[in-house]
$ cat final08.cif   # mmCIF, C-alpha atoms
data_my_file
#
loop_
_atom_site.label_atom_id
_atom_site.label_comp_id
_atom_site.auth_asym_id
_atom_site.auth_seq_id
_atom_site.Cartn_x
_atom_site.Cartn_y
_atom_site.Cartn_z
CA MET W 1 11.63 -6.99 -25.02
CA PRO W 2 10.09 -6.13 -21.62
CA GLN W 3 12.33 -4.44 -19.06
CA PRO W 4 13.14 -6.39 -15.88
CA LYS W 5 11.30 -5.20 -12.81
CA ALA W 6 13.05 -2.39 -10.92
CA PHE W 7 12.98 -4.38 -7.66
CA THR W 8 12.63 -7.84 -6.18
CA LEU W 9 10.60 -8.83 -3.15
CA SER W 10 11.57 -11.73 -0.91
CA ASN W 11 10.79 -13.55 2.30
CA PRO W 12 14.07 -14.99 3.59
CA GLU W 13 14.33 -18.39 5.24
CA GLY W 14 14.33 -18.06 9.00
CA LEU W 15 11.46 -15.52 8.99
CA TYR W 16 7.78 -16.44 9.11
CA ASP W 17 5.76 -16.24 5.88
CA PRO W 18 4.00 -12.84 6.01
CA SER W 19 1.84 -13.38 2.91
CA ALA W 20 -1.26 -14.05 5.04
CA ASN W 21 -0.91 -10.47 6.29
CA ALA W 22 -0.36 -9.02 2.79
CA TYR W 23 3.27 -7.97 2.93
CA SER W 24 6.81 -9.08 2.08
CA HIS W 25 9.83 -8.88 4.38
CA VAL W 26 12.45 -7.49 1.98
CA ALA W 27 12.57 -5.31 -1.13
CA GLU W 28 15.77 -4.85 -3.12
CA VAL W 29 15.72 -1.98 -5.63
CA ARG W 30 18.01 -2.11 -8.67
CA ALA W 31 20.54 0.71 -9.04
CA GLY W 32 19.45 3.33 -11.54
CA SER W 33 15.73 2.82 -10.91
CA ARG W 34 13.48 5.89 -10.92
CA LEU W 35 11.74 6.25 -7.55
CA VAL W 36 8.23 7.66 -7.12
CA TYR W 37 7.15 8.75 -3.63
CA VAL W 38 3.42 9.09 -3.00
CA ALA W 39 2.20 11.06 0.01
CA GLY W 40 -0.27 9.40 2.34
CA GLN W 41 -3.52 8.72 0.52
CA GLY W 42 -6.70 8.63 2.56
CA GLY W 43 -10.18 7.46 1.78
CA GLU W 44 -11.46 10.81 0.50
CA GLY W 45 -13.43 10.80 -2.70
CA LEU W 46 -13.00 13.57 -5.27
CA ASP W 47 -15.48 15.67 -3.28
CA GLY W 48 -13.39 15.25 -0.11
CA ALA W 49 -16.03 13.14 1.63
CA LEU W 50 -15.01 10.20 3.84
CA SER W 51 -17.10 7.08 4.34
CA PRO W 52 -17.57 6.18 8.00
CA GLN W 53 -16.66 2.57 7.08
CA PHE W 54 -13.02 1.45 7.34
CA ASP W 55 -13.19 -0.99 4.41
CA ALA W 56 -14.72 1.66 2.14
CA GLN W 57 -11.94 4.09 3.08
CA VAL W 58 -9.31 1.43 2.31
CA ARG W 59 -10.84 0.82 -1.13
CA GLN W 60 -10.91 4.57 -1.88
CA ALA W 61 -7.37 5.08 -0.56
CA LEU W 62 -6.17 2.36 -2.95
CA ILE W 63 -8.04 4.03 -5.83
CA ASN W 64 -6.39 7.34 -4.90
CA LEU W 65 -3.00 5.63 -4.73
CA LYS W 66 -3.52 4.15 -8.22
CA ILE W 67 -4.39 7.61 -9.60
CA ALA W 68 -1.32 9.19 -8.02
CA LEU W 69 0.94 6.42 -9.34
CA ALA W 70 -0.57 6.57 -12.82
CA SER W 71 0.23 10.30 -12.98
CA LYS W 72 3.91 9.23 -13.03
CA GLY W 73 3.50 6.21 -15.31
CA ALA W 74 3.47 3.72 -12.42
CA SER W 75 1.01 1.16 -11.05
CA LEU W 76 0.53 -0.83 -7.86
CA GLN W 77 2.83 -3.47 -9.36
CA ASP W 78 5.66 -0.91 -9.18
CA VAL W 79 5.20 -0.29 -5.43
CA PHE W 80 7.84 -1.90 -3.22
CA LYS W 81 7.18 -0.11 0.10
CA LEU W 82 3.98 0.88 1.91
CA THR W 83 3.36 2.57 5.22
CA LEU W 84 -0.17 2.06 6.47
CA LEU W 85 -1.56 4.24 9.26
CA VAL W 86 -4.71 2.82 10.88
CA VAL W 87 -6.94 4.52 13.46
CA ASP W 88 -8.27 2.16 16.17
CA HIS W 89 -6.40 -0.80 14.68
CA SER W 90 -7.87 -4.25 15.31
CA GLU W 91 -7.60 -7.76 13.90
CA THR W 92 -10.83 -7.06 11.99
CA ARG W 93 -9.29 -4.00 10.35
CA LEU W 94 -6.14 -5.98 9.57
CA GLN W 95 -8.22 -8.63 7.80
CA GLN W 96 -10.11 -5.95 5.85
CA TRP W 97 -6.75 -4.49 4.74
CA VAL W 98 -5.43 -7.95 3.80
CA ALA W 99 -8.52 -8.67 1.69
CA ALA W 100 -8.27 -5.31 -0.10
CA ALA W 101 -4.50 -5.64 -0.68
CA THR W 102 -4.86 -9.20 -1.97
CA ARG W 103 -7.45 -8.00 -4.50
CA ALA W 104 -5.43 -4.89 -5.43
CA TRP W 105 -2.20 -6.80 -6.05
CA ASP W 106 -4.19 -9.58 -7.78
CA GLY W 107 -2.25 -12.51 -6.38
CA SER W 108 1.18 -10.94 -6.93
CA MET W 109 3.62 -10.69 -4.07
CA THR W 110 2.64 -7.66 -1.96
CA PRO W 111 5.13 -4.90 -1.08
CA THR W 112 7.02 -4.49 2.14
CA CYS W 113 4.67 -2.78 4.56
CA THR W 114 4.75 -1.23 7.99
CA LEU W 115 1.32 -0.93 9.63
CA ILE W 116 1.25 1.69 12.38
CA PRO W 117 -1.76 1.99 14.71
CA VAL W 118 -2.50 5.66 15.44
CA PRO W 119 -5.01 7.49 17.64
CA ARG W 120 -6.12 9.81 14.81
CA LEU W 121 -5.18 11.13 11.39
CA ALA W 122 -5.24 14.60 9.82
CA LEU W 123 -8.99 14.82 9.21
CA ASP W 124 -11.95 14.05 11.46
CA GLY W 125 -13.32 10.68 10.43
CA MET W 126 -10.19 9.62 8.53
CA LEU W 127 -9.49 5.97 9.43
CA VAL W 128 -6.63 4.95 7.10
CA GLU W 129 -3.73 6.55 5.24
CA ILE W 130 -1.46 4.75 2.76
CA ASP W 131 1.98 6.12 1.87
CA ALA W 132 3.89 4.39 -0.95
CA VAL W 133 7.24 4.23 -2.73
CA ALA W 134 7.43 2.79 -6.25
CA ALA W 135 10.41 1.98 -8.47
CA LEU W 136 10.43 2.12 -12.26
CA SER W 137 13.07 0.76 -14.64
#
$ encode --input "final08.cif" --output "structure tokens"
Amino acid sequence: MPQPKAFTLSNPEGLYDPSANAYSHVAEVRAGSRLVYVAGQGGEGLDGALSPQFDAQVRQALINLKIALASKGASLQDVFKLTLLVVDHSETRLQQWVAAATRAWDGSMTPTCTLIPVPRLALDGMLVEIDAVAALS
């Protein structure tokens, strides 16, 4: 028998529907869940190189996030909270993130997310960083 999910996501009445921007308003984590914290993942490939393209960095950051989660037996479906840091944020970059997140979560409800525009990140040329918290039953 499959275990129930370690958390529930919701969008309460009285708040706008955030699904078009690839996030949920509220996450409730069940007591006793095992939490996995993943440090900010950037768009670096295994060789440390960064694409100059924002959308390519987002795709690689999500790949890196999946690898980090898998090392602890988790997947994107176990993530309930994201923090997204974006250099030179714009509506275009938001839409690129939404498209990538929609593909990554494959139509499932997306985690709670705080997107923070920043002037720069740790490395020259780094355009995005994704920090995540996952919960496992």
$ closest_residue --input "final08.cif" --among "W:Ala61, W:Ile67, W:Ala22, W:Ala6" --to "W:Ala134" --atoms "all atoms listed in the file"
W:Ala6
$ resolve_selection --input "final08.cif" --expression "the PyMOL selection byres ((chain W and resi 123) around 12)" --output "number ranges by chain"
W: 41-44, 48-50, 87, 119-122, 124-129
$ write_last_selection --input "final08.cif" --atoms "C-alpha atoms" --output "short mmCIF file (atom, residue, chain, number, x, y, z; two decimals), keeping the file's coordinate frame"
data_model
loop_
_atom_site.label_atom_id
_atom_site.label_comp_id
_atom_site.auth_asym_id
_atom_site.auth_seq_id
_atom_site.Cartn_x
_atom_site.Cartn_y
_atom_site.Cartn_z
CA GLN W 41 -3.52 8.72 0.52
CA GLY W 42 -6.70 8.63 2.56
CA GLY W 43 -10.18 7.46 1.78
CA GLU W 44 -11.46 10.81 0.50
CA GLY W 48 -13.39 15.25 -0.11
CA ALA W 49 -16.03 13.14 1.63
CA LEU W 50 -15.01 10.20 3.84
CA VAL W 87 -6.94 4.52 13.46
CA PRO W 119 -5.01 7.49 17.64
CA ARG W 120 -6.12 9.81 14.81
CA LEU W 121 -5.18 11.13 11.39
CA ALA W 122 -5.24 14.60 9.82
CA ASP W 124 -11.95 14.05 11.46
CA GLY W 125 -13.32 10.68 10.43
CA MET W 126 -10.19 9.62 8.53
CA LEU W 127 -9.49 5.97 9.43
CA VAL W 128 -6.63 4.95 7.10
CA GLU W 129 -3.73 6.55 5.24
#
$ closest_residue --input "final08.cif" --among "W:Leu9, W:Leu35, W:Ile63, W:Val86" --to "W:Ile116" --atoms "all atoms listed in the file"
W:Val86
$ atom_distance --input "final08.cif" --atom1 "atom CA of W:Asn11" --atom2 "atom CA of W:Gln60"
28.6 Å
$ atom_distance --input "final08.cif" --atom1 "atom CA of W:Thr114" --atom2 "atom CA of W:Ala56"
20.5 Å
$ atom_distance --input "final08.cif" --atom1 "atom CA of W:Tyr23" --atom2 "atom CA of W:Thr92"
16.8 Å
$ decode --input "final08.cif" --residues "stretch 19-137 of chain W" --atoms "C-alpha atoms" --output "CSV table (one decimal), in the first residue's frame"
chain,number,residue,atom,x,y,z
W,19,SER,CA,-1.0,28.2,-10.9
W,20,ALA,CA,-0.3,30.4,-14.0
W,21,ASN,CA,2.9,31.5,-12.2
W,22,ALA,CA,3.9,27.9,-11.2
W,23,TYR,CA,3.5,28.0,-7.5
W,24,SER,CA,1.0,27.2,-4.7
W,25,HIS,CA,0.1,29.5,-1.8
W,26,VAL,CA,0.3,27.0,1.1
W,27,ALA,CA,2.1,23.8,2.0
W,28,GLU,CA,1.2,21.8,5.1
W,29,VAL,CA,3.8,19.1,6.1
W,30,ARG,CA,2.6,16.1,8.1
W,31,ALA,CA,4.2,15.6,11.5
W,32,GLY,CA,7.0,13.0,11.5
W,33,SER,CA,8.0,13.7,7.9
W,34,ARG,CA,11.7,13.5,7.0
W,35,LEU,CA,12.8,16.9,5.6
W,36,VAL,CA,15.5,17.3,3.0
W,37,TYR,CA,17.1,20.7,2.5
W,38,VAL,CA,18.9,21.3,-0.8
W,39,ALA,CA,21.3,24.3,-1.1
W,40,GLY,CA,20.8,26.7,-4.0
W,41,GLN,CA,21.4,24.9,-7.3
W,42,GLY,CA,22.6,26.9,-10.2
W,43,GLY,CA,22.9,26.2,-13.9
W,44,GLU,CA,26.4,24.8,-13.8
W,45,GLY,CA,27.0,21.6,-15.6
W,46,LEU,CA,29.3,18.9,-14.2
W,47,ASP,CA,32.3,20.8,-15.6
W,48,GLY,CA,31.2,24.0,-13.8
W,49,ALA,CA,30.4,25.9,-17.0
W,50,LEU,CA,27.4,28.2,-17.2
W,51,SER,CA,25.3,28.8,-20.3
W,52,PRO,CA,24.8,32.5,-21.0
W,53,GLN,CA,21.1,31.8,-21.6
W,54,PHE,CA,18.7,32.1,-18.7
W,55,ASP,CA,16.4,29.3,-19.9
W,56,ALA,CA,19.3,26.9,-20.3
W,57,GLN,CA,20.5,27.7,-16.8
W,58,VAL,CA,17.0,27.0,-15.4
W,59,ARG,CA,16.9,23.6,-17.1
W,60,GLN,CA,20.3,22.7,-15.7
W,61,ALA,CA,19.5,24.0,-12.3
W,62,LEU,CA,16.4,21.7,-12.3
W,63,ILE,CA,18.6,18.8,-13.4
W,64,ASN,CA,21.0,19.6,-10.6
W,65,LEU,CA,18.1,19.8,-8.1
W,66,LYS,CA,16.8,16.4,-9.2
W,67,ILE,CA,20.3,14.8,-8.7
W,68,ALA,CA,20.6,16.3,-5.2
W,69,LEU,CA,17.1,15.1,-4.3
W,70,ALA,CA,17.7,11.6,-5.7
W,71,SER,CA,20.8,11.3,-3.5
W,72,LYS,CA,18.4,11.3,-0.5
W,73,GLY,CA,15.7,9.2,-2.1
W,74,ALA,CA,13.5,12.2,-3.1
W,75,SER,CA,12.2,13.6,-6.3
W,76,LEU,CA,10.7,16.9,-7.4
W,77,GLN,CA,7.3,15.5,-6.4
W,78,ASP,CA,8.5,15.6,-2.8
W,79,VAL,CA,9.4,19.3,-2.9
W,80,PHE,CA,7.0,21.6,-1.0
W,81,LYS,CA,9.0,24.8,-0.9
W,82,LEU,CA,11.3,26.6,-3.4
W,83,THR,CA,13.2,29.8,-3.2
W,84,LEU,CA,14.2,31.1,-6.7
W,85,LEU,CA,16.8,33.8,-7.0
W,86,VAL,CA,16.8,35.5,-10.4
W,87,VAL,CA,19.3,38.0,-11.8
W,88,ASP,CA,17.8,40.8,-13.9
W,89,HIS,CA,14.3,39.5,-13.3
W,90,SER,CA,11.7,40.3,-16.0
W,91,GLU,CA,8.3,39.0,-17.2
W,92,THR,CA,10.2,37.1,-19.9
W,93,ARG,CA,12.3,35.3,-17.3
W,94,LEU,CA,9.2,34.6,-15.2
W,95,GLN,CA,7.5,33.0,-18.2
W,96,GLN,CA,10.7,30.9,-18.9
W,97,TRP,CA,10.6,29.7,-15.3
W,98,VAL,CA,6.9,28.9,-15.5
W,99,ALA,CA,7.4,26.8,-18.6
W,100,ALA,CA,10.3,24.9,-17.1
W,101,ALA,CA,8.5,24.3,-13.8
W,102,THR,CA,5.3,23.2,-15.5
W,103,ARG,CA,7.3,20.6,-17.5
W,104,ALA,CA,9.4,19.6,-14.5
W,105,TRP,CA,6.3,19.0,-12.3
W,106,ASP,CA,4.5,17.4,-15.2
W,107,GLY,CA,1.1,18.9,-14.5
W,108,SER,CA,1.2,18.3,-10.8
W,109,MET,CA,0.5,21.1,-8.4
W,110,THR,CA,3.8,23.1,-8.0
W,111,PRO,CA,5.4,23.9,-4.7
W,112,THR,CA,5.2,27.1,-2.7
W,113,CYS,CA,7.7,29.4,-4.1
W,114,THR,CA,9.3,32.8,-3.4
W,115,LEU,CA,11.0,34.4,-6.4
W,116,ILE,CA,13.5,37.0,-5.4
W,117,PRO,CA,15.0,39.4,-8.0
W,118,VAL,CA,18.7,39.9,-7.2
W,119,PRO,CA,21.5,42.1,-8.8
W,120,ARG,CA,23.9,39.1,-8.9
W,121,LEU,CA,24.7,35.7,-7.6
W,122,ALA,CA,27.8,33.9,-6.3
W,123,LEU,CA,29.4,33.3,-9.7
W,124,ASP,CA,30.0,35.6,-12.7
W,125,GLY,CA,27.4,34.7,-15.3
W,126,MET,CA,25.1,32.9,-12.9
W,127,LEU,CA,21.5,33.9,-13.6
W,128,VAL,CA,19.4,31.6,-11.5
W,129,GLU,CA,19.6,29.7,-8.2
W,130,ILE,CA,17.0,27.3,-6.9
W,131,ASP,CA,16.9,26.3,-3.2
W,132,ALA,CA,14.4,23.6,-2.2
W,133,VAL,CA,12.9,21.8,0.8
W,134,ALA,CA,11.4,18.3,0.4
W,135,ALA,CA,9.4,16.2,2.7
W,136,LEU,CA,9.3,12.4,2.7
W,137,SER,CA,7.0,10.0,4.6
